[in-house]
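Text of the file model35.txt, holding compact mmCIF, C-alpha atoms:
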```txt
# COMPACT_ATOMS: atom_id res chain seq x y z
CA MET A 1 13.60 -25.33 10.21
CA SER A 2 10.51 -23.66 8.85
CA ASP A 3 8.55 -24.85 11.89
CA LYS A 4 11.10 -23.31 14.20
CA GLN A 5 10.88 -20.08 12.29
CA GLN A 6 7.11 -20.04 12.42
CA ASN A 7 7.30 -20.47 16.16
CA SER A 8 9.80 -17.71 16.66
CA GLU A 9 7.76 -15.43 14.44
CA SER A 10 4.55 -16.02 16.32
CA THR A 11 6.22 -15.31 19.64
CA GLU A 12 7.64 -12.16 18.14
CA ASN A 13 4.24 -11.11 16.92
CA THR A 14 2.80 -11.24 20.42
CA HIS A 15 5.79 -9.44 21.88
CA GLU A 16 5.36 -5.78 22.86
CA PRO A 17 7.25 -3.53 20.42
CA ALA A 18 10.49 -2.14 21.84
CA PRO A 19 10.42 1.54 22.94
CA ILE A 20 10.83 3.83 19.94
CA LEU A 21 14.14 5.28 21.20
CA TYR A 22 15.61 1.74 21.34
CA GLN A 23 14.50 1.23 17.76
CA ILE A 24 16.06 4.52 16.67
CA ALA A 25 19.26 3.53 18.51
CA ILE A 26 19.45 0.24 16.60
CA PHE A 27 18.86 1.97 13.26
CA THR A 28 21.43 4.70 13.85
CA GLY A 29 23.90 2.16 15.28
CA VAL A 30 23.61 -0.01 12.17
CA LEU A 31 23.99 3.08 9.95
CA PHE A 32 27.06 4.23 11.87
CA VAL A 33 28.82 0.85 11.66
CA SER A 34 27.91 0.68 7.95
CA SER A 35 29.41 4.10 7.37
CA LEU A 36 32.68 2.74 8.77
CA ILE A 37 32.56 -0.25 6.40
CA SER A 38 31.54 1.65 3.25
CA PRO A 39 34.93 3.41 2.63
CA LEU A 40 36.72 0.02 2.75
CA PHE A 41 35.33 -0.81 -0.69
CA PRO A 42 37.47 0.30 -3.68
CA LYS A 43 36.40 3.37 -5.69
CA SER A 44 35.71 1.23 -8.76
CA PHE A 45 33.26 -0.90 -6.71
CA PRO A 46 31.25 1.57 -4.63
CA VAL A 47 28.87 0.17 -2.00
CA PRO A 48 27.06 3.01 -0.22
CA THR A 49 26.29 3.05 3.51
CA PRO A 50 22.51 2.35 3.32
CA VAL A 51 23.05 -0.74 1.14
CA ILE A 52 25.59 -2.15 3.62
CA GLY A 53 23.17 -1.18 6.40
CA LEU A 54 20.34 -3.16 4.77
CA VAL A 55 22.56 -6.25 4.53
CA LEU A 56 23.88 -5.78 8.07
CA MET A 57 20.37 -5.38 9.49
CA TYR A 58 19.24 -8.51 7.64
CA VAL A 59 22.23 -10.49 8.97
CA LEU A 60 21.52 -9.31 12.52
CA LEU A 61 17.87 -10.41 12.16
CA ALA A 62 18.76 -13.74 10.56
CA THR A 63 21.24 -14.54 13.34
CA HIS A 64 18.61 -13.50 15.96
CA ILE A 65 20.93 -10.91 17.49
CA ILE A 66 18.16 -8.40 16.79
CA LYS A 67 14.54 -9.50 17.10
CA LEU A 68 11.73 -8.30 14.85
CA TYR A 69 9.88 -6.60 17.73
CA GLN A 70 12.94 -4.42 18.33
CA VAL A 71 12.90 -2.81 14.86
CA GLU A 72 9.55 -3.59 13.24
CA LYS A 73 7.58 -0.52 14.26
CA LEU A 74 10.11 2.05 13.09
CA ALA A 75 10.76 0.10 9.88
CA ASP A 76 7.07 -0.05 8.98
CA PHE A 77 6.72 3.65 9.72
CA LEU A 78 9.70 4.63 7.53
CA ILE A 79 8.58 2.41 4.66
CA GLY A 80 5.10 3.91 4.96
CA ILE A 81 6.34 7.46 4.43
CA ILE A 82 9.08 6.71 1.89
CA ALA A 83 7.15 8.32 -0.99
CA PHE A 84 7.21 11.58 0.95
CA LEU A 85 10.92 11.18 1.70
CA PHE A 86 11.53 11.12 -2.06
CA VAL A 87 9.98 14.58 -2.61
CA PRO A 88 13.32 16.45 -2.14
CA SER A 89 15.02 14.04 -4.58
CA GLY A 90 12.33 14.89 -7.12
CA ILE A 91 12.52 18.64 -6.53
CA GLN A 92 16.31 18.33 -6.82
CA MET A 93 15.68 18.17 -10.56
CA ALA A 94 15.12 21.94 -10.43
CA ASN A 95 18.89 22.11 -10.06
CA SER A 96 19.68 20.36 -13.31
CA LEU A 97 16.67 20.79 -15.62
CA SER A 98 19.19 22.16 -18.12
CA VAL A 99 20.50 18.63 -18.92
CA PHE A 100 17.27 18.09 -20.84
CA THR A 101 17.71 21.22 -22.93
CA ASN A 102 21.51 21.37 -23.34
CA ASP A 103 21.49 19.33 -26.57
CA GLY A 104 18.30 20.94 -27.84
CA ALA A 105 14.70 20.26 -26.89
CA TRP A 106 14.37 17.31 -29.30
CA ASN A 107 17.18 15.35 -27.63
CA GLY A 108 15.73 16.19 -24.24
CA VAL A 109 12.36 14.73 -25.21
CA MET A 110 14.11 11.64 -26.62
CA LEU A 111 16.02 11.26 -23.36
CA ILE A 112 12.84 11.35 -21.30
CA ILE A 113 11.12 8.85 -23.60
CA THR A 114 14.14 6.53 -23.32
CA ILE A 115 14.13 6.78 -19.51
CA ILE A 116 10.42 5.89 -19.41
CA LEU A 117 10.87 2.93 -21.77
CA ALA A 118 14.04 1.78 -19.95
CA THR A 119 12.12 1.69 -16.66
CA ILE A 120 9.38 -0.45 -18.20
CA ILE A 121 12.01 -2.70 -19.83
CA MET A 122 13.77 -3.32 -16.50
CA LEU A 123 10.51 -4.16 -14.72
CA ILE A 124 9.13 -6.48 -17.39
CA VAL A 125 12.39 -8.19 -18.35
CA THR A 126 13.28 -8.97 -14.73
CA ALA A 127 9.79 -10.32 -14.00
CA TYR A 128 9.78 -12.49 -17.15
CA SER A 129 13.34 -13.75 -16.48
CA THR A 130 12.13 -14.91 -13.09
CA ALA A 131 9.12 -16.64 -14.65
CA VAL A 132 11.38 -18.49 -17.11
CA LEU A 133 13.86 -19.53 -14.40
CA MET A 134 11.03 -20.67 -12.15
CA ALA A 135 9.63 -22.75 -15.02
CA ILE A 136 13.08 -24.29 -15.58
CA SER A 137 13.54 -25.28 -11.94
CA ARG A 138 9.99 -26.67 -11.93
CA LYS A 139 10.22 -28.69 -15.15
CA VAL A 140 13.93 -29.61 -15.30
CA PHE A 141 14.81 -29.94 -11.62
CA HIS A 142 11.29 -30.88 -10.41
CA LYS A 143 11.41 -28.32 -7.62
CA SER A 144 8.14 -27.01 -6.26
CA THR A 145 7.83 -23.29 -6.94
CA GLU A 146 4.68 -22.82 -4.91
CA VAL A 147 4.80 -19.85 -2.56
CA HIS A 148 2.22 -18.69 -0.06
CA MET B 1 11.38 42.71 -2.81
CA ASN B 2 14.75 41.02 -2.55
CA TRP B 3 14.29 37.32 -1.78
CA ILE B 4 17.03 37.38 0.83
CA ASP B 5 15.01 39.94 2.82
CA PHE B 6 11.92 37.80 2.38
CA PHE B 7 13.63 34.78 3.93
CA GLY B 8 15.59 36.65 6.60
CA ASN B 9 19.27 35.66 6.55
CA GLY B 10 18.77 32.94 3.97
CA LEU B 11 22.16 33.01 2.35
CA ASP B 12 24.02 32.81 5.64
CA PRO B 13 25.06 29.16 5.98
CA LYS B 14 25.21 29.52 9.77
CA ALA B 15 21.54 30.55 9.98
CA ASP B 16 19.23 27.56 10.19
CA HIS B 17 15.93 29.43 9.87
CA ILE B 18 15.90 28.82 6.16
CA ALA B 19 15.64 25.02 6.53
CA PHE B 20 12.01 25.39 7.56
CA PHE B 21 11.00 26.61 4.10
CA GLY B 22 12.34 23.49 2.37
CA ILE B 23 10.76 21.13 4.89
CA PHE B 24 7.40 22.89 4.83
CA LEU B 25 7.28 23.14 1.03
CA SER B 26 8.08 19.41 0.71
CA ILE B 27 5.32 18.27 3.02
CA ALA B 28 2.80 20.83 1.71
CA VAL B 29 3.12 19.84 -1.96
CA PHE B 30 3.03 16.14 -1.04
CA LEU B 31 -0.15 16.53 1.00
CA ILE B 32 -1.81 18.60 -1.74
CA GLY B 33 -0.96 15.74 -4.12
CA GLN B 34 -2.36 13.19 -1.68
CA TYR B 35 -5.61 15.17 -1.38
CA LEU B 36 -6.04 15.57 -5.14
CA PHE B 37 -5.18 11.89 -5.64
CA LYS B 38 -7.92 10.95 -3.21
CA ILE B 39 -10.68 13.18 -4.57
CA SER B 40 -9.82 12.30 -8.20
CA GLY B 41 -10.24 8.60 -7.38
CA GLY B 42 -6.55 7.77 -7.96
CA PHE B 43 -5.80 9.59 -11.24
CA PHE B 44 -2.17 8.65 -11.94
CA LEU B 45 -0.94 12.20 -12.68
CA PHE B 46 -2.04 13.17 -9.16
CA GLN B 47 0.10 10.42 -7.63
CA PRO B 48 1.33 12.40 -4.57
CA LEU B 49 5.07 12.05 -5.16
CA PHE B 50 4.89 12.90 -8.87
CA PHE B 51 2.47 15.75 -8.35
CA GLY B 52 4.39 17.09 -5.34
CA MET B 53 7.63 17.06 -7.32
CA VAL B 54 6.13 18.95 -10.28
CA LEU B 55 4.27 21.45 -8.08
CA GLY B 56 7.37 21.96 -5.91
CA ILE B 57 9.57 22.73 -8.91
CA LEU B 58 6.86 25.02 -10.31
CA ILE B 59 6.60 26.95 -7.04
CA LEU B 60 10.39 27.29 -6.81
CA TRP B 61 10.48 28.44 -10.44
CA LEU B 62 7.77 31.06 -9.88
CA MET B 63 9.48 32.34 -6.71
CA ALA B 64 12.85 32.47 -8.48
CA LYS B 65 11.20 34.49 -11.29
CA TRP B 66 9.49 36.76 -8.76
CA PHE B 67 12.73 37.47 -6.90
CA GLY B 68 14.72 37.70 -10.12
CA VAL B 69 17.28 34.94 -9.46
CA SER B 70 18.06 31.80 -11.45
CA LEU B 71 16.19 28.60 -10.55
CA PRO B 72 19.30 26.52 -9.64
CA HIS B 73 20.61 29.34 -7.44
CA PHE B 74 17.27 29.73 -5.70
CA TYR B 75 16.94 25.96 -5.27
CA GLN B 76 20.44 25.71 -3.77
CA SER B 77 20.08 28.48 -1.23
CA ALA B 78 16.39 28.46 -0.36
CA TYR B 79 15.11 24.89 -0.75
CA LYS B 80 18.11 22.57 -0.43
CA PRO B 81 18.94 23.11 3.28
CA GLY B 82 15.46 21.90 4.28
CA GLY B 83 15.24 19.31 1.53
CA ASP B 84 18.52 17.74 2.67
CA ILE B 85 17.12 17.13 6.14
CA ILE B 86 14.22 15.09 4.72
CA PHE B 87 16.58 13.47 2.22
CA TRP B 88 18.73 12.16 5.11
CA PHE B 89 15.85 10.01 6.31
CA LEU B 90 16.17 7.90 3.16
CA ASN B 91 19.20 6.31 4.88
CA PRO B 92 17.27 4.66 7.75
CA ALA B 93 14.32 4.10 5.38
CA THR B 94 16.57 2.05 3.08
CA ILE B 95 17.86 -0.22 5.84
CA ALA B 96 14.26 -0.61 7.03
CA PHE B 97 13.71 -2.89 4.02
CA ALA B 98 15.72 -5.56 5.84
CA ILE B 99 12.56 -6.16 7.87
CA PRO B 100 10.14 -7.12 5.02
CA LEU B 101 13.05 -9.08 3.55
CA TYR B 102 13.55 -11.06 6.76
CA ARG B 103 9.81 -11.61 7.28
CA ARG B 104 9.82 -13.87 4.22
CA ASN B 105 13.21 -15.45 4.83
CA ASP B 106 11.63 -18.80 3.91
CA VAL B 107 11.14 -17.62 0.32
CA VAL B 108 14.69 -16.19 0.20
CA LYS B 109 16.16 -19.50 1.41
CA LYS B 110 14.11 -21.56 -1.02
CA PHE B 111 14.77 -19.49 -4.15
CA TRP B 112 18.11 -17.73 -3.59
CA LEU B 113 19.65 -19.24 -6.73
CA GLU B 114 16.64 -18.40 -8.92
CA ILE B 115 16.63 -14.84 -7.51
CA LEU B 116 20.33 -14.33 -8.19
CA LEU B 117 20.18 -15.75 -11.72
CA SER B 118 16.98 -13.85 -12.60
CA LEU B 119 18.56 -10.57 -11.60
CA ILE B 120 21.81 -11.20 -13.47
CA ILE B 121 20.11 -12.48 -16.64
CA GLY B 122 17.40 -9.82 -16.43
CA MET B 123 20.04 -7.11 -16.09
CA ILE B 124 22.05 -8.31 -19.10
CA ILE B 125 18.93 -8.54 -21.31
CA SER B 126 17.75 -5.12 -20.08
CA LEU B 127 21.15 -3.58 -20.86
CA ILE B 128 21.08 -4.94 -24.42
CA LEU B 129 17.50 -3.69 -24.95
CA ILE B 130 18.15 -0.25 -23.42
CA TYR B 131 21.35 0.12 -25.45
CA SER B 132 19.62 -0.80 -28.74
CA LEU B 133 16.65 1.42 -27.96
CA SER B 134 18.80 4.45 -27.16
CA LYS B 135 20.83 3.89 -30.34
CA ALA B 136 17.60 3.65 -32.35
CA LEU B 137 16.30 6.88 -30.80
CA GLY B 138 19.59 8.57 -31.67
CA LEU B 139 20.92 9.38 -28.19
CA HIS B 140 24.55 10.40 -27.78
CA ASN B 141 26.97 7.88 -26.30
CA SER B 142 27.34 9.99 -23.16
CA MET B 143 23.55 9.87 -22.62
CA ILE B 144 23.46 6.09 -23.23
CA ALA B 145 26.27 5.62 -20.69
CA SER B 146 24.27 7.72 -18.24
CA LEU B 147 21.22 5.46 -18.56
CA LEU B 148 22.89 2.02 -18.32
CA PRO B 149 23.59 1.99 -14.54
CA THR B 150 20.18 3.35 -13.43
CA ALA B 151 18.99 0.03 -11.96
CA ALA B 152 21.44 0.55 -9.10
CA THR B 153 20.74 2.90 -6.23
CA THR B 154 21.75 6.51 -7.02
CA ALA B 155 24.90 6.44 -4.86
CA ILE B 156 26.24 3.51 -6.90
CA ALA B 157 24.86 4.53 -10.30
CA MET B 158 26.41 8.02 -10.32
CA PRO B 159 30.12 7.09 -9.97
CA ILE B 160 29.70 4.19 -12.43
CA SER B 161 28.03 6.50 -14.92
CA GLY B 162 30.98 8.90 -14.62
CA SER B 163 33.54 6.13 -15.07
CA ILE B 164 31.94 4.82 -18.30
CA GLY B 165 31.69 8.26 -19.87
CA GLY B 166 28.20 9.28 -18.77
CA VAL B 167 26.90 12.41 -17.07
CA PRO B 168 26.24 11.66 -13.36
CA ALA B 169 23.55 14.41 -13.14
CA VAL B 170 21.54 12.71 -15.91
CA THR B 171 21.95 9.36 -14.14
CA ALA B 172 20.68 10.77 -10.85
CA MET B 173 17.68 12.24 -12.62
CA ALA B 174 16.96 8.98 -14.44
CA CYS B 175 17.12 7.05 -11.14
CA ILE B 176 14.53 9.37 -9.60
CA LEU B 177 12.30 9.23 -12.69
CA ASN B 178 12.52 5.40 -12.64
CA ALA B 179 11.34 5.31 -9.07
CA VAL B 180 8.58 7.90 -9.44
CA LEU B 181 7.32 6.23 -12.60
CA VAL B 182 7.29 2.71 -11.16
CA TYR B 183 5.50 3.96 -8.05
CA ALA B 184 2.88 5.73 -10.16
CA VAL B 185 2.12 3.14 -12.86
CA ALA B 186 3.16 -0.21 -11.32
CA ASP B 187 -0.45 -1.38 -10.99
CA MET B 188 -1.15 -0.57 -14.63
CA LEU B 189 1.99 -2.37 -15.87
CA ILE B 190 1.33 -5.43 -13.72
CA LYS B 191 -2.17 -5.72 -15.15
CA LEU B 192 -1.06 -4.96 -18.72
CA PHE B 193 1.71 -7.59 -18.78
CA ARG B 194 -0.17 -10.10 -16.59
CA LEU B 195 2.55 -10.32 -13.96
CA ASP B 196 0.30 -10.78 -10.91
CA SER B 197 0.40 -14.58 -10.99
CA ASP B 198 4.10 -14.61 -10.02
CA PRO B 199 4.76 -12.72 -6.77
CA VAL B 200 8.51 -13.44 -6.83
CA GLY B 201 8.93 -11.99 -10.34
CA VAL B 202 6.82 -8.92 -9.60
CA GLY B 203 8.84 -8.21 -6.46
CA LEU B 204 12.19 -8.55 -8.21
CA GLY B 205 10.99 -6.38 -11.11
CA LEU B 206 9.68 -3.62 -8.84
CA GLY B 207 12.89 -3.56 -6.80
CA THR B 208 15.05 -3.47 -9.93
CA ALA B 209 13.16 -0.78 -11.83
CA GLY B 210 11.90 1.29 -8.91
CA HIS B 211 14.64 1.12 -6.26
CA THR B 212 13.42 1.51 -2.66
CA LEU B 213 10.29 3.30 -3.86
CA GLY B 214 9.43 0.28 -6.00
CA SER B 215 9.98 -1.86 -2.91
CA ALA B 216 7.59 0.30 -0.91
CA LYS B 217 5.01 -0.34 -3.66
CA ALA B 218 5.82 -4.06 -3.54
CA VAL B 219 5.29 -4.16 0.24
CA THR B 220 1.72 -2.95 -0.32
CA LEU B 221 1.11 -5.80 -2.81
CA GLY B 222 2.08 -8.58 -0.42
CA SER B 223 4.77 -9.92 1.89
CA ILE B 224 6.49 -12.04 -0.78
CA GLN B 225 6.57 -9.14 -3.26
CA GLY B 226 7.95 -6.85 -0.56
CA SER B 227 10.63 -9.30 0.47
CA MET B 228 11.72 -9.97 -3.12
CA ALA B 229 11.83 -6.25 -4.01
CA SER B 230 13.98 -5.58 -0.95
CA ILE B 231 16.50 -8.25 -1.88
CA ALA B 232 16.47 -7.01 -5.50
CA VAL B 233 17.51 -3.51 -4.37
CA VAL B 234 20.67 -4.91 -2.79
CA ILE B 235 21.60 -7.58 -5.35
CA ILE B 236 20.88 -5.47 -8.45
CA SER B 237 23.18 -2.72 -7.15
CA ILE B 238 26.03 -5.24 -6.83
CA VAL B 239 25.16 -6.71 -10.26
CA VAL B 240 25.27 -3.22 -11.82
CA ASP B 241 28.59 -2.59 -10.07
CA LEU B 242 30.04 -5.68 -11.77
CA VAL B 243 28.21 -5.97 -15.10
CA VAL B 244 27.72 -2.44 -16.42
CA PRO B 245 31.44 -1.43 -16.76
CA VAL B 246 32.11 -4.69 -18.66
CA PHE B 247 29.08 -4.16 -20.91
CA ALA B 248 30.05 -0.54 -21.59
CA SER B 249 33.54 -1.50 -22.73
CA MET B 250 32.14 -4.38 -24.84
CA VAL B 251 29.94 -1.98 -26.83
CA HIS B 252 32.77 0.60 -26.97
CA LEU B 253 30.87 3.39 -25.28
CA HIS B 254 34.07 5.14 -24.29
```
Hey, can you dump this file as structure tokens for me?
Amino acid sequence: MSDKQQNSESTENTHEPAPILYQIAIFTGVLFVSSLISPLFPKSFPVPTPVIGLVLMYVLLATHIIKLYQVEKLADFLIGIIAFLFVPSGIQMANSLSVFTNDGAWNGVMLIITIILATIIMLIVTAYSTAVLMAISRKVFHKSTEVH
Amino acid sequence: MNWIDFFGNGLDPKADHIAFFGIFLSIAVFLIGQYLFKISGGFFLFQPLFFGMVLGILILWLMAKWFGVSLPHFYQSAYKPGGDIIFWFLNPATIAFAIPLYRRNDVVKKFWLEILLSLIIGMIISLILIYSLSKALGLHNSMIASLLPTAATTAIAMPISGSIGGVPAVTAMACILNAVLVYAVADMLIKLFRLDSDPVGVGLGLGTAGHTLGSAKAVTLGSIQGSMASIAVVIISIVVDLVVPVFASMVHLH
């Protein structure tokens, strides 16, 4: 299986990238179909359009309906500029800076400190959980956890 | 001078001229940040996104003062129309992460169970730690509820926050701060906690704590990290969907 994949990947690497309008068409098509699926989920279990789109795109790639050369160039470009795309989200805070001062400045500072620590907690705890689980599958189930 | 005169017909929703201001301001502050980041040799406060965000808010604040309107009002009518256009591109940018994910499909196939369990267990431990920490720092229950779902993408975190008694605006802000922070200091944290020996764990951690921005960082670290961060963005959102409401009712947040 992995040999087959290697082969298909190397042929895809040598393939000319699809014209950029084709790539945009695939992206917008996937987004549009996802936007039709998203409202089918119940309100208590929201799954937004881009998350469905990510899964859908992955399924299309995994089933070889879409090939890497047809989407790769646009994807790499978008991922490359994503920090810039987040600027409006950051500036959006101008709209609600008052949430930090509503309960007094002290609580606002505490809130920011908690957010910073919570971010670090999520990063470290997830990484260490993985390390522990990897160690378990290595030592208990004798599975190789080597990755290259 | 009245700011509406300055911007032409800025308050008219049918006039699209005003969108240019938001778009231009966004790219200008980001590029200034990028330049300062480069000449300062990568000083973390000049990280382009963080710096651009702070400078952008500062400029909007100064202009609002100058024109004598409130900052939220000025943001809404002058910046938001342009900002929203850039914001829209986060939709295709998010689905773009299917590509780094698929490039390392071999790793996904080999470790899918470990990935799933790590994210679920990591989320539960994180929730307990974040809850205890916020209690210790004396945050109100509504603020704690706002912080619990922030591992999920904003569009999932906000409604969950509202349903467990949080303030969705605080949640949205925390999600952005998570991402900006992870993007800015990921290298430091990875070195500090010696995470670099385990590419799968680093990827999952970056995707969980930093959303798609964390994944973009992970892609620059390596293909395995990028792939794992991309899958974490999807799975952790579903995990938050399922786990956080249960956790919130267990600790009687509302």
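Across A:Thr145, A:Ala18, A:Ile66, A:Val99, the tightest approach to Thr130 of chain A is made by A:Thr145 when counting all atoms listed in the file.
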Next on the checklist: Please report the interatomic distance between atom CA of Ala25 of chain A and atom CA of Ile65 of chain A in Å with one decimal.
Outcome noted: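 Atom-to-atom, atom CA of Ala25 of chain A to atom CA of Ile65 of chain A, that is 14.6 Å.
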Next on the checklist: Please list as number ranges by chain every residue within 12 Å of Pro46 of chain A, counting only C-alpha atoms and excluding residues in the same chain fewer than 3 positions away.
Outcome noted: A: 37-43, 49-52; B: 152-161, 163, 237-242
For the residues in that selection, give me C-alpha atoms as a PDB file, in the coordinates of the input.
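Contents of result16.pdb, as written:
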```pdb
ATOM      1  CA  ILE A  37      32.560  -0.250   6.400  1.00  0.00           C
ATOM      2  CA  SER A  38      31.540   1.650   3.250  1.00  0.00           C
ATOM      3  CA  PRO A  39      34.930   3.410   2.630  1.00  0.00           C
ATOM      4  CA  LEU A  40      36.720   0.020   2.750  1.00  0.00           C
ATOM      5  CA  PHE A  41      35.330  -0.810  -0.690  1.00  0.00           C
ATOM      6  CA  PRO A  42      37.470   0.300  -3.680  1.00  0.00           C
ATOM      7  CA  LYS A  43      36.400   3.370  -5.690  1.00  0.00           C
ATOM      8  CA  THR A  49      26.290   3.050   3.510  1.00  0.00           C
ATOM      9  CA  PRO A  50      22.510   2.350   3.320  1.00  0.00           C
ATOM     10  CA  VAL A  51      23.050  -0.740   1.140  1.00  0.00           C
ATOM     11  CA  ILE A  52      25.590  -2.150   3.620  1.00  0.00           C
TER      12      ILE A  52
ATOM     13  CA  ALA B 152      21.440   0.550  -9.100  1.00  0.00           C
ATOM     14  CA  THR B 153      20.740   2.900  -6.230  1.00  0.00           C
ATOM     15  CA  THR B 154      21.750   6.510  -7.020  1.00  0.00           C
ATOM     16  CA  ALA B 155      24.900   6.440  -4.860  1.00  0.00           C
ATOM     17  CA  ILE B 156      26.240   3.510  -6.900  1.00  0.00           C
ATOM     18  CA  ALA B 157      24.860   4.530 -10.300  1.00  0.00           C
ATOM     19  CA  MET B 158      26.410   8.020 -10.320  1.00  0.00           C
ATOM     20  CA  PRO B 159      30.120   7.090  -9.970  1.00  0.00           C
ATOM     21  CA  ILE B 160      29.700   4.190 -12.430  1.00  0.00           C
ATOM     22  CA  SER B 161      28.030   6.500 -14.920  1.00  0.00           C
ATOM     23  CA  SER B 163      33.540   6.130 -15.070  1.00  0.00           C
ATOM     24  CA  SER B 237      23.180  -2.720  -7.150  1.00  0.00           C
ATOM     25  CA  ILE B 238      26.030  -5.240  -6.830  1.00  0.00           C
ATOM     26  CA  VAL B 239      25.160  -6.710 -10.260  1.00  0.00           C
ATOM     27  CA  VAL B 240      25.270  -3.220 -11.820  1.00  0.00           C
ATOM     28  CA  ASP B 241      28.590  -2.590 -10.070  1.00  0.00           C
ATOM     29  CA  LEU B 242      30.040  -5.680 -11.770  1.00  0.00           C
TER      30      LEU B 242
END
```
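Among B:Ile23, B:Ala232, B:Ile59, B:Ile95, the residue with the shortest atom-to-atom distance to Leu60 of chain A, counting only C-alpha atoms, is B:Ile95.
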Item to check | Contact residues around Gly90 of chain A with only C-alpha atoms at 9 Å, ignoring same-chain residues under 5 positions, as number ranges by chain | outcome: B: 49-50, 52-54, 56-57, 173, 176-177, 180
Checklist entry - Using only C-alpha atoms, which of A:Phe84, A:Phe77, A:Tyr69, A:Tyr128 sits nearest Ile26 of chain A? => result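 Closest to Ile26 of chain A, using only C-alpha atoms: A:Tyr69.
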Checklist entry - Which neighbours of segment 110-113 of chain A fall inside 9 Å, counting only C-alpha atoms, when residues of the same chain fewer than 6 positions from it are skipped, and could you give them as a ChimeraX atom specification? => result /A:100 /B:134,137-139,143,174,177
Checklist outcome for this item: Pairwise distance, atom CA of Trp106 of chain A with atom CA of Leu181 of chain B, equals 21.2 Å
Give me, as a compact mmCIF listing (two decimals) with C-alpha atoms, in the frame of the given file, all polymer residues having an atom no more than 12 Å from Ser144 of chain A, counting all atoms listed in the file and skipping those fewer than 5 positions away in the same chain.
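Below you can see around.txt, which holds the result:
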```txt
# COMPACT_ATOMS: atom_id res chain seq x y z
CA MET A 134 11.03 -20.67 -12.15
CA ALA A 135 9.63 -22.75 -15.02
CA ILE A 136 13.08 -24.29 -15.58
CA SER A 137 13.54 -25.28 -11.94
CA ARG A 138 9.99 -26.67 -11.93
CA LYS A 139 10.22 -28.69 -15.15
CA VAL B 107 11.14 -17.62 0.32
CA LYS B 110 14.11 -21.56 -1.02
CA PHE B 111 14.77 -19.49 -4.15
```
Checklist entry - Which neighbours of Ala186 of chain B fall inside 10 Å, counting only C-alpha atoms, when residues of the same chain fewer than 2 positions from it are skipped, and could you give them as a ChimeraX atom specification? => result /A:120,123 /B:180-184,188-192,202,205-206,210,214,217-218
Just to be explicit: take each residue in the selection above, keep C-alpha atoms, and write the result as a PDB file, keeping the file's coordinate frame.
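After the write, selection_29.pdb holds the following:
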```
ATOM      1  CA  ILE A 120       9.380  -0.450 -18.200  1.00  0.00           C
ATOM      2  CA  LEU A 123      10.510  -4.160 -14.720  1.00  0.00           C
TER       3      LEU A 123
ATOM      4  CA  VAL B 180       8.580   7.900  -9.440  1.00  0.00           C
ATOM      5  CA  LEU B 181       7.320   6.230 -12.600  1.00  0.00           C
ATOM      6  CA  VAL B 182       7.290   2.710 -11.160  1.00  0.00           C
ATOM      7  CA  TYR B 183       5.500   3.960  -8.050  1.00  0.00           C
ATOM      8  CA  ALA B 184       2.880   5.730 -10.160  1.00  0.00           C
ATOM      9  CA  MET B 188      -1.150  -0.570 -14.630  1.00  0.00           C
ATOM     10  CA  LEU B 189       1.990  -2.370 -15.870  1.00  0.00           C
ATOM     11  CA  ILE B 190       1.330  -5.430 -13.720  1.00  0.00           C
ATOM     12  CA  LYS B 191      -2.170  -5.720 -15.150  1.00  0.00           C
ATOM     13  CA  LEU B 192      -1.060  -4.960 -18.720  1.00  0.00           C
ATOM     14  CA  VAL B 202       6.820  -8.920  -9.600  1.00  0.00           C
ATOM     15  CA  GLY B 205      10.990  -6.380 -11.110  1.00  0.00           C
ATOM     16  CA  LEU B 206       9.680  -3.620  -8.840  1.00  0.00           C
ATOM     17  CA  GLY B 210      11.900   1.290  -8.910  1.00  0.00           C
ATOM     18  CA  GLY B 214       9.430   0.280  -6.000  1.00  0.00           C
ATOM     19  CA  LYS B 217       5.010  -0.340  -3.660  1.00  0.00           C
ATOM     20  CA  ALA B 218       5.820  -4.060  -3.540  1.00  0.00           C
TER      21      ALA B 218
END
```
Item to check | Point-to-point distance from atom CA of Ile120 of chain B to atom CA of Ile82 of chain A, Å rounded to tenths | outcome: 26.8 Å
Checklist entry - Hey, which of A:Phe45, A:Phe86, A:Phe27, A:Tyr58 ends up closest to Cys175 of chain B? Count all atoms listed in the file. => result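 Nearest candidate to Cys175 of chain B out of A:Phe45, A:Phe86, A:Phe27, A:Tyr58: A:Phe86.
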Next on the checklist: Nearest residue to chain A out of B:Ile99, B:Ala28, B:Ala78, B:Leu45, using only C-alpha atoms?
Outcome noted: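 Checking each of B:Ile99, B:Ala28, B:Ala78, B:Leu45 against chain A, counting only C-alpha atoms, the winner is B:Ile99.
Considering all atoms listed in the file, the residue among B:Ile236, B:Val251, B:Ile39, B:Leu213 positioned nearest to chain A is B:Leu213.
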